[in-house]
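Asker: Enclosed is the structure file model26.cif (mmCIF, C-alpha atoms and all ligand atoms).
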```cif
data_protein
#
loop_
_atom_site.label_atom_id
_atom_site.label_comp_id
_atom_site.auth_asym_id
_atom_site.auth_seq_id
_atom_site.Cartn_x
_atom_site.Cartn_y
_atom_site.Cartn_z
CA MET A 237 -21.49 55.17 -51.79
CA GLN A 238 -22.94 52.76 -49.27
CA TYR A 239 -19.51 51.72 -48.03
CA LYS A 240 -18.61 55.22 -46.89
CA PRO A 241 -19.89 54.80 -43.33
CA TYR A 242 -17.76 51.63 -43.09
CA ILE A 243 -14.66 53.52 -44.23
CA LYS A 244 -15.43 56.16 -41.63
CA LEU A 245 -15.82 53.43 -39.02
CA PHE A 246 -12.56 51.81 -40.13
CA PHE A 247 -10.61 55.06 -39.88
CA GLY A 248 -12.37 55.90 -36.67
CA THR A 249 -11.26 52.59 -35.17
CA LEU A 250 -7.73 53.01 -36.51
CA PHE A 251 -7.59 56.50 -35.04
CA SER A 252 -8.77 55.30 -31.65
CA ILE A 253 -6.14 52.50 -31.74
CA ILE A 254 -3.45 55.12 -32.45
CA LEU A 255 -4.83 57.29 -29.66
CA SER A 256 -4.80 54.44 -27.17
CA PHE A 257 -1.24 53.60 -28.24
CA GLN A 258 -0.26 57.19 -27.54
CA VAL A 259 -1.86 56.99 -24.11
CA SER A 260 0.02 53.82 -23.23
CA ALA A 261 3.27 55.22 -24.66
CA SER A 262 2.97 58.24 -22.38
CA SER A 263 1.94 56.14 -19.36
CA LEU A 264 3.52 56.87 -16.01
CA PRO A 265 6.97 55.66 -14.92
CA GLU A 266 7.30 52.57 -12.76
CA TYR A 267 6.06 52.88 -9.16
CA THR A 268 4.46 56.24 -9.97
CA THR A 269 0.74 56.99 -9.52
CA GLU A 270 -0.98 60.26 -10.38
CA VAL A 271 -3.20 60.73 -7.31
CA ALA A 272 -4.57 64.10 -8.49
CA GLU A 273 -3.72 66.48 -11.31
CA ASN A 274 0.05 67.21 -11.00
CA VAL A 275 0.32 65.27 -7.71
CA TYR A 276 2.04 61.89 -7.70
CA SER A 277 2.93 59.15 -5.27
CA TYR A 278 6.18 57.26 -5.82
CA GLY A 279 7.27 54.02 -4.18
CA ASN A 280 8.02 50.36 -4.77
CA PRO A 281 5.34 48.50 -2.76
CA ASN A 282 7.83 45.69 -2.07
CA MET A 283 10.13 48.16 -0.31
CA GLY A 284 7.21 49.65 1.64
CA TYR A 285 8.12 53.36 1.42
CA PHE A 286 6.11 55.97 -0.47
CA SER A 287 6.98 59.57 -1.33
CA MET A 288 4.93 62.29 -2.97
CA PHE A 289 5.84 64.90 -5.57
CA VAL A 290 3.90 67.82 -6.97
CA VAL A 291 4.56 69.62 -10.25
CA THR A 292 3.87 73.35 -9.84
CA GLU A 293 4.23 76.41 -12.09
CA LYS A 294 7.52 77.12 -10.32
CA GLY A 295 9.07 73.67 -10.44
CA VAL A 296 8.72 70.41 -8.53
CA ALA A 297 8.36 69.86 -4.78
CA VAL A 298 9.24 66.44 -3.34
CA PHE A 299 8.15 64.95 -0.03
CA GLU A 300 10.41 62.30 1.59
CA THR A 301 13.71 61.15 0.17
CA VAL A 302 13.80 57.77 2.04
CA ASN A 303 17.26 56.66 0.79
CA THR A 304 19.58 57.05 -2.20
CA GLN A 305 18.16 54.13 -4.18
CA HIS A 306 14.58 55.34 -3.67
CA SER A 307 15.53 58.96 -4.48
CA GLN A 308 17.40 57.95 -7.65
CA GLY A 309 14.32 56.05 -8.85
CA MET A 310 12.06 58.96 -7.93
CA LEU A 311 14.33 61.49 -9.68
CA ALA A 312 14.19 59.43 -12.89
CA ALA A 313 10.40 59.17 -12.56
CA ILE A 314 10.01 62.93 -12.02
CA GLN A 315 12.20 63.65 -15.05
CA LYS A 316 9.92 61.41 -17.18
CA VAL A 317 6.82 63.25 -15.96
CA THR A 318 8.12 66.83 -16.33
CA ASN A 319 11.16 68.79 -17.45
CA LYS A 320 10.63 71.42 -14.74
CA PRO A 321 13.45 71.78 -12.20
CA ILE A 322 13.15 70.21 -8.74
CA ARG A 323 13.22 73.15 -6.34
CA LYS A 324 12.29 71.94 -2.88
CA VAL A 325 12.57 68.60 -1.12
CA PHE A 326 10.93 68.15 2.28
CA HIS A 327 11.93 65.69 5.00
CA SER A 328 9.07 64.56 7.26
CA HIS A 329 11.22 63.78 10.32
CA ASN A 330 14.66 62.73 11.52
CA HIS A 331 14.74 58.93 11.26
CA TRP A 332 17.41 57.54 8.94
CA ASP A 333 14.97 55.27 7.11
CA HIS A 334 13.02 58.33 5.93
CA SER A 335 15.56 61.18 5.82
CA SER A 336 18.39 59.55 3.83
CA GLY A 337 19.03 60.08 0.11
CA GLY A 338 18.73 63.90 0.13
CA LYS A 339 22.02 64.34 -1.75
CA VAL A 340 20.42 62.93 -4.93
CA PHE A 341 18.24 66.04 -5.08
CA GLN A 342 20.86 68.49 -3.76
CA ASP A 343 23.04 67.36 -6.69
CA VAL A 344 20.39 68.55 -9.18
CA GLY A 345 20.10 71.93 -7.47
CA ALA A 346 17.16 71.35 -5.10
CA LYS A 347 17.09 72.66 -1.53
CA THR A 348 16.35 69.98 1.08
CA ILE A 349 14.35 71.21 4.07
CA ALA A 350 13.61 69.81 7.55
CA HIS A 351 12.10 71.13 10.77
CA HIS A 352 14.91 72.43 13.02
CA GLN A 353 14.44 69.60 15.55
CA ALA A 354 14.98 67.01 12.82
CA TYR A 355 17.84 69.10 11.44
CA GLU A 356 19.66 69.20 14.81
CA TRP A 357 19.27 65.44 15.21
CA MET A 358 20.55 64.85 11.67
CA VAL A 359 23.62 67.05 12.34
CA ASN A 360 24.37 65.09 15.54
CA ASN A 361 23.56 61.59 14.26
CA PRO A 362 25.31 61.18 10.90
CA ASN A 363 24.64 58.30 8.56
CA PRO A 364 26.61 57.75 5.35
CA ASP A 365 23.42 57.79 3.24
CA MET A 366 21.94 60.91 4.91
CA SER A 367 22.98 64.43 3.96
CA ILE A 368 22.44 67.50 6.12
CA PRO A 369 19.41 69.45 4.88
CA SER A 370 20.15 72.66 2.96
CA LYS A 371 17.70 74.57 5.16
CA PHE A 372 15.61 74.20 8.30
CA TRP A 373 12.38 75.82 9.43
CA LYS A 374 11.16 76.66 12.93
CA GLY A 375 7.82 76.95 14.65
CA THR A 376 4.56 75.09 14.25
CA ARG A 377 3.37 76.31 10.87
CA LYS A 378 4.85 77.57 7.62
CA ASP A 379 3.27 78.10 4.22
CA ILE A 380 5.44 77.87 1.14
CA LYS A 381 4.17 79.16 -2.20
CA MET A 382 5.38 77.76 -5.48
CA GLY A 383 3.42 79.60 -8.17
CA ASP A 384 -0.25 78.81 -7.68
CA THR A 385 0.52 75.94 -5.28
CA THR A 386 0.64 76.46 -1.52
CA ILE A 387 2.36 73.87 0.64
CA GLU A 388 1.40 73.94 4.33
CA LEU A 389 4.01 72.66 6.81
CA HIS A 390 2.50 71.62 10.15
CA TYR A 391 4.65 70.76 13.18
CA LEU A 392 2.17 69.32 15.67
CA GLY A 393 4.48 68.88 18.65
CA MET A 394 5.99 65.77 20.12
CA ASN A 395 4.59 62.57 18.61
CA HIS A 396 7.08 60.41 16.68
CA GLY A 397 10.77 61.09 16.16
CA LEU A 398 11.81 64.73 16.00
CA GLY A 399 10.51 67.62 13.93
CA MET A 400 7.70 65.52 12.48
CA THR A 401 5.99 67.58 9.78
CA VAL A 402 2.61 66.92 8.18
CA PHE A 403 2.28 68.50 4.73
CA VAL A 404 -1.01 69.69 3.21
CA LEU A 405 -1.76 70.89 -0.32
CA PRO A 406 -4.92 72.87 0.56
CA LYS A 407 -6.15 73.43 -3.01
CA LYS A 408 -5.91 69.73 -3.77
CA ARG A 409 -7.07 68.74 -0.24
CA ILE A 410 -4.23 66.21 -0.15
CA ALA A 411 -1.77 65.56 2.71
CA TYR A 412 1.53 63.72 3.04
CA ILE A 413 1.79 61.85 6.34
CA ALA A 414 4.79 59.79 7.41
CA ASP A 415 4.73 57.09 10.11
CA LEU A 416 1.95 58.66 12.23
CA VAL A 417 -0.74 56.79 10.31
CA THR A 418 -0.36 53.56 8.34
CA PRO A 419 -3.62 52.55 6.67
CA ASN A 420 -4.75 48.92 6.88
CA ARG A 421 -2.13 47.88 9.47
CA VAL A 422 -1.78 47.76 13.28
CA LEU A 423 0.86 50.05 14.84
CA PHE A 424 4.48 49.31 13.90
CA THR A 425 6.02 46.56 16.08
CA ILE A 426 7.01 48.05 19.50
CA VAL A 427 5.72 51.50 18.40
CA PRO A 428 9.32 52.80 18.40
CA ASP A 429 10.06 56.45 19.23
CA PHE A 430 6.37 57.27 19.63
CA ASN A 431 5.30 59.16 22.75
CA ILE A 432 1.78 57.76 22.97
CA LYS A 433 -0.31 60.55 24.55
CA PRO A 434 1.04 63.43 22.45
CA PHE A 435 0.87 61.08 19.46
CA VAL A 436 -2.89 60.73 20.04
CA ALA A 437 -3.17 64.52 20.51
CA SER A 438 -1.39 65.02 17.17
CA LEU A 439 -3.75 62.61 15.41
CA LYS A 440 -6.68 64.70 16.65
CA LYS A 441 -4.98 67.86 15.34
CA ILE A 442 -4.49 66.13 11.96
CA GLU A 443 -8.22 65.43 11.85
CA SER A 444 -8.82 69.18 11.90
CA LEU A 445 -6.54 69.87 8.91
CA ASP A 446 -8.20 70.50 5.56
CA PHE A 447 -7.65 67.42 3.43
CA ASP A 448 -9.66 64.43 2.24
CA LYS A 449 -6.98 61.91 1.33
CA ALA A 450 -3.29 61.47 2.03
CA VAL A 451 -0.22 59.83 0.60
CA TYR A 452 0.94 57.78 3.60
CA SER A 453 4.63 56.83 3.82
CA HIS A 454 3.68 53.21 4.49
CA SER A 455 0.57 51.38 3.46
CA HIS A 456 -0.65 47.85 3.07
CA ALA A 457 -2.96 48.73 0.18
CA SER A 458 -2.68 51.83 -1.98
CA PRO A 459 -0.43 54.60 -0.61
CA PHE A 460 -3.24 57.06 -1.32
CA GLU A 461 -5.93 56.49 1.25
CA ALA A 462 -8.74 58.25 3.08
CA LYS A 463 -8.30 60.68 5.96
CA SER A 464 -10.48 58.38 8.09
CA TRP A 465 -7.41 56.23 8.86
CA VAL A 466 -6.26 59.06 11.14
CA THR A 467 -9.38 58.51 13.26
CA THR A 468 -9.08 54.72 13.11
CA THR A 469 -5.51 55.01 14.44
CA HIS A 470 -6.39 56.95 17.59
CA GLU A 471 -9.50 54.80 18.17
CA PHE A 472 -7.29 51.70 17.94
CA ILE A 473 -4.95 53.10 20.61
CA SER A 474 -7.92 54.00 22.80
CA ASP A 475 -9.38 50.48 22.40
CA ILE A 476 -6.03 48.91 23.33
CA ARG A 477 -5.82 51.11 26.44
CA SER A 478 -9.39 50.19 27.47
CA ALA A 479 -8.58 46.50 27.04
CA ILE A 480 -5.43 46.91 29.18
CA PHE A 481 -7.39 48.57 31.98
CA ALA A 482 -10.08 45.88 31.77
CA GLU A 483 -7.34 43.28 32.37
CA PHE A 484 -5.92 45.35 35.26
CA GLY A 485 -9.47 45.28 36.70
CA LYS A 486 -9.69 41.50 36.36
CA GLY A 487 -6.32 41.12 38.12
CA THR A 488 -4.62 39.53 35.08
CA PRO A 489 -0.86 39.32 35.77
CA PHE A 490 1.03 42.17 34.08
CA GLY A 491 3.17 39.87 31.93
CA GLN A 492 0.14 38.01 30.57
CA ILE A 493 -1.88 41.03 29.51
CA PRO A 494 -0.28 41.42 26.02
CA THR A 495 -0.99 37.77 25.17
CA VAL A 496 -4.63 37.69 26.35
CA ILE A 497 -5.86 40.87 24.66
CA ASP A 498 -7.86 40.29 21.47
CA LEU A 499 -9.61 43.05 19.53
CA PRO A 500 -11.69 41.26 16.87
CA LYS A 501 -12.83 44.61 15.42
CA TYR A 502 -9.29 45.06 14.10
CA ASN A 503 -8.33 41.49 13.19
CA GLY A 504 -8.53 42.31 9.47
CA LEU A 505 -5.59 44.71 9.76
CA ALA A 506 -2.21 43.58 8.46
CA MET A 507 0.23 42.24 11.11
CA TYR A 508 -2.60 41.87 13.65
CA ASN A 509 -1.42 38.43 14.83
CA GLU A 510 2.27 39.28 14.62
CA TRP A 511 2.37 42.73 16.25
CA LEU A 512 -0.74 43.34 18.38
CA HIS A 513 0.96 42.00 21.55
CA MET A 514 3.94 44.33 20.91
CA ASN A 515 1.57 47.29 20.49
CA VAL A 516 -0.07 46.35 23.82
CA TRP A 517 3.30 46.10 25.61
CA ARG A 518 4.30 49.56 24.43
CA ILE A 519 1.03 51.27 25.36
CA MET A 520 0.97 49.49 28.73
CA LEU A 521 4.56 50.59 29.50
CA ASP A 522 3.68 54.18 28.66
CA ASP A 523 0.89 54.03 31.23
CA VAL A 524 3.13 52.43 33.85
CA MET A 525 6.40 54.35 33.34
CA GLY A 526 5.04 57.70 32.19
CA PRO A 527 5.43 59.26 28.77
CA PHE A 528 8.59 58.46 26.80
CA PRO A 529 10.63 59.42 24.86
CA TRP A 530 10.39 62.98 26.05
CA THR A 531 12.47 66.06 25.29
CA PRO A 532 12.15 69.44 27.02
CA PRO A 533 10.13 71.83 24.85
CA HIS A 534 12.73 74.60 25.38
CA LYS A 535 16.46 74.34 25.79
CA PHE A 536 17.31 74.36 29.48
CA ASN A 537 20.52 76.29 29.95
CA ALA A 538 21.73 75.15 33.38
CA ARG A 539 24.71 77.55 33.43
CA LYS A 540 22.56 80.56 32.56
CA SER A 541 19.92 79.75 35.17
CA HIS A 542 22.69 79.08 37.73
CA HIS A 543 24.19 82.54 37.02
CA LYS A 544 20.79 84.15 37.33
CA HIS A 545 20.33 82.38 40.63
CA GLU A 546 23.75 83.56 41.91
CA ARG A 547 23.09 87.13 40.84
CA HIS A 548 19.75 87.02 42.55
CA ASN A 549 21.43 85.91 45.79
CA ASP A 550 24.05 88.69 45.67
ZN ZN A 601 10.01 57.30 11.90
#
```
Once you've parsed the file, please lay out its structure as structure tokens.
Answerer:
Amino acid sequence: MQYKPYIKLFFGTLFSIILSFQVSASSLPEYTTEVAENVYSYGNPNMGYFSMFVVTEKGVAVFETVNTQHSQGMLAAIQKVTNKPIRKVFHSHNHWDHSSGGKVFQDVGAKTIAHHQAYEWMVNNPNPDMSIPSKFWKGTRKDIKMGDTTIELHYLGMNHGLGMTVFVLPKKRIAYIADLVTPNRVLFTIVPDFNIKPFVASLKKIESLDFDKAVYSHSHASPFEAKSWVTTTHEFISDIRSAIFAEFGKGTPFGQIPTVIDLPKYNGLAMYNEWLHMNVWRIMLDDVMGPFPWTPPHKFNARKSHHKHERHND
């Protein structure tokens, strides 16, 4: 009878081997990370774009289609994780490199959704890989409920591209943030289509939103990173601007300023050596030329105001 504990141990070990096999057999699809219960990031790090999807009681919500290849991979990954239908697919903003691929999800019955400013741009700037969203939303805030999951849509005003939306899952305290913040990296090259001052104002608004971590569309480490990168981003811009004004004070020639500025505090960030001078150029030009790109906050109807004027004169 003395061997009994050993038999128990043997079967116990065998059982745990079977269990661990089951765990590995049900492991997540390629490029998929479960960042919280029922919340996943999806993206091939070599391609540099990350999306998010959340499995709710009422089906799946997807954030950022990127392009057809990315969306096809993500669709396959979602279908391995759950058999629930994909209901809603959100675009963060207008740019082709983020908003393409929507048809992949429209074809399986999902509604694709963008802020109306992004929608109008997408209608007027076609791209073969980009489909027109099924729906658009207006205003600065919208909450969408899918069963017990609330999805907050925040339009924070002019910052980058058009109709830029920050998404928050308040119960999970998780956000999805495209382009506005890229953890572990300096700003993107010439900081294209960013209007710097409202961009900084938006970053400060993002700080006040209720979340702890975000899936960021681009990242040089894990796509799921701390909220503190939002603060680091606007401090980085502020430090660049201070350095520019210090050089103005010293009388450094305008054209030399981008090459002489060094910010050792940030030299651990990816692309520091390659892109810092481009970041400086862009922020310096914004200070010299005035804010750009800029669009009027309301449609200016010249004909209507002209008529009003005429009538007034009558
Ligand atoms: Zn963009």
Asker: So which one's closest to Ala462 in chain A, A:Tyr412, A:Phe484, A:Trp332, A:Phe435? Using all atoms listed in the file, please.
Answerer: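 Closest to Ala462 in chain A, using all atoms listed in the file: A:Tyr412.
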Asker: Excluding Phe528 in chain A and its own-chain neighbours fewer than 4 positions away, which residues fall within 12 Å of it when counting only C-alpha atoms? Please give them as an mmCIF file with C-alpha atoms, keeping the file's coordinate frame.
Answerer:
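Just written: out.cif:
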```
data_model
loop_
_atom_site.group_PDB
_atom_site.id
_atom_site.type_symbol
_atom_site.label_atom_id
_atom_site.label_comp_id
_atom_site.auth_asym_id
_atom_site.auth_seq_id
_atom_site.Cartn_x
_atom_site.Cartn_y
_atom_site.Cartn_z
ATOM 1 C CA MET A 394 5.990 65.770 20.120
ATOM 2 C CA ASN A 395 4.590 62.570 18.610
ATOM 3 C CA HIS A 396 7.080 60.410 16.680
ATOM 4 C CA GLY A 397 10.770 61.090 16.160
ATOM 5 C CA VAL A 427 5.720 51.500 18.400
ATOM 6 C CA PRO A 428 9.320 52.800 18.400
ATOM 7 C CA ASP A 429 10.060 56.450 19.230
ATOM 8 C CA PHE A 430 6.370 57.270 19.630
ATOM 9 C CA ASN A 431 5.300 59.160 22.750
ATOM 10 C CA ILE A 432 1.780 57.760 22.970
ATOM 11 C CA LYS A 433 -0.310 60.550 24.550
ATOM 12 C CA PRO A 434 1.040 63.430 22.450
ATOM 13 C CA PHE A 435 0.870 61.080 19.460
ATOM 14 C CA ARG A 518 4.300 49.560 24.430
ATOM 15 C CA ILE A 519 1.030 51.270 25.360
ATOM 16 C CA MET A 520 0.970 49.490 28.730
ATOM 17 C CA LEU A 521 4.560 50.590 29.500
ATOM 18 C CA ASP A 522 3.680 54.180 28.660
ATOM 19 C CA ASP A 523 0.890 54.030 31.230
ATOM 20 C CA VAL A 524 3.130 52.430 33.850
ATOM 21 C CA PRO A 532 12.150 69.440 27.020
#
```
Asker: Report as a Markdown table the residues of chain A within 12 Å of ligand ZN 601 (chain A), each with its shortest atom pair and distance in Å (one decimal), using only C-alpha atoms and all ligand atoms, ordered by chain and increasing residue number.
Answerer:
```
| residue | atom | partner | partner_atom | distance |
| --- | --- | --- | --- | --- |
| A:Tyr285 | CA | A:ZN601 | ZN | 11.4 |
| A:Glu300 | CA | A:ZN601 | ZN | 11.5 |
| A:Val302 | CA | A:ZN601 | ZN | 10.6 |
| A:His327 | CA | A:ZN601 | ZN | 11.0 |
| A:Ser328 | CA | A:ZN601 | ZN | 8.7 |
| A:His329 | CA | A:ZN601 | ZN | 6.8 |
| A:Asn330 | CA | A:ZN601 | ZN | 7.2 |
| A:His331 | CA | A:ZN601 | ZN | 5.0 |
| A:Trp332 | CA | A:ZN601 | ZN | 8.0 |
| A:Asp333 | CA | A:ZN601 | ZN | 7.2 |
| A:His334 | CA | A:ZN601 | ZN | 6.8 |
| A:Ser335 | CA | A:ZN601 | ZN | 9.1 |
| A:Ser336 | CA | A:ZN601 | ZN | 11.8 |
| A:Ala354 | CA | A:ZN601 | ZN | 10.9 |
| A:Asn395 | CA | A:ZN601 | ZN | 10.1 |
| A:His396 | CA | A:ZN601 | ZN | 6.4 |
| A:Gly397 | CA | A:ZN601 | ZN | 5.8 |
| A:Leu398 | CA | A:ZN601 | ZN | 8.7 |
| A:Gly399 | CA | A:ZN601 | ZN | 10.5 |
| A:Met400 | CA | A:ZN601 | ZN | 8.6 |
| A:Thr401 | CA | A:ZN601 | ZN | 11.2 |
| A:Ile413 | CA | A:ZN601 | ZN | 10.9 |
| A:Ala414 | CA | A:ZN601 | ZN | 7.3 |
| A:Asp415 | CA | A:ZN601 | ZN | 5.6 |
| A:Leu416 | CA | A:ZN601 | ZN | 8.2 |
| A:Val417 | CA | A:ZN601 | ZN | 10.9 |
| A:Thr418 | CA | A:ZN601 | ZN | 11.6 |
| A:Phe424 | CA | A:ZN601 | ZN | 9.9 |
| A:Val427 | CA | A:ZN601 | ZN | 9.7 |
| A:Pro428 | CA | A:ZN601 | ZN | 7.9 |
| A:Asp429 | CA | A:ZN601 | ZN | 7.4 |
| A:Phe430 | CA | A:ZN601 | ZN | 8.5 |
| A:Asn431 | CA | A:ZN601 | ZN | 12.0 |
| A:Ser453 | CA | A:ZN601 | ZN | 9.7 |
| A:His454 | CA | A:ZN601 | ZN | 10.6 |
```
Asker: So which one's closest to Tyr276 in chain A, A:Ile410, A:Ala479, A:Leu505, A:Val404? Using all atoms listed in the file, please.
Answerer: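 With all atoms listed in the file as the atom set, the closest residue is A:Ile410.
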Asker: Of the candidates A:Asn280, A:Thr469, A:Thr385, A:Gln315, which shows the shortest atom-to-atom distance to Pro419 in chain A, using only C-alpha atoms?
Answerer: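 Residue with the minimum atom-to-atom distance to Pro419 in chain A: A:Thr469.
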Asker: Rounded to one decimal in Å, what is the spacing between CA of Asp475 in chain A and CA of Thr376 in chain A?
Answerer: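 That distance, rounded to one decimal, is 29.4 Å.
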Asker: My list of candidates is A:Ala297, A:Val325, A:Ile442, A:Ala272. Which is closest to Ser370 in chain A when distances are computed with only C-alpha atoms?
Answerer: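 Closest candidate: A:Val325.
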Asker: What does the distance between CA of Asn503 in chain A and CA of Ile476 in chain A come to in Å, to one decimal place?
Answerer: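 Separation between CA of Asn503 in chain A and CA of Ile476 in chain A: 12.8 Å.
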Asker: Tell me which of A:Glu273, A:Asp343, A:Asp365, A:Asp446 sits closest to Leu405 in chain A, counting all atoms listed in the file.
Answerer: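 Closest to Leu405 in chain A, using all atoms listed in the file: A:Asp446.
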Asker: Measuring between only C-alpha atoms, which one of A:Val271, A:Leu389, A:Ile480, A:Ala312 shows the shortest distance to Pro406 in chain A?
Answerer: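 So, comparing all the options, the nearest one is A:Leu389.
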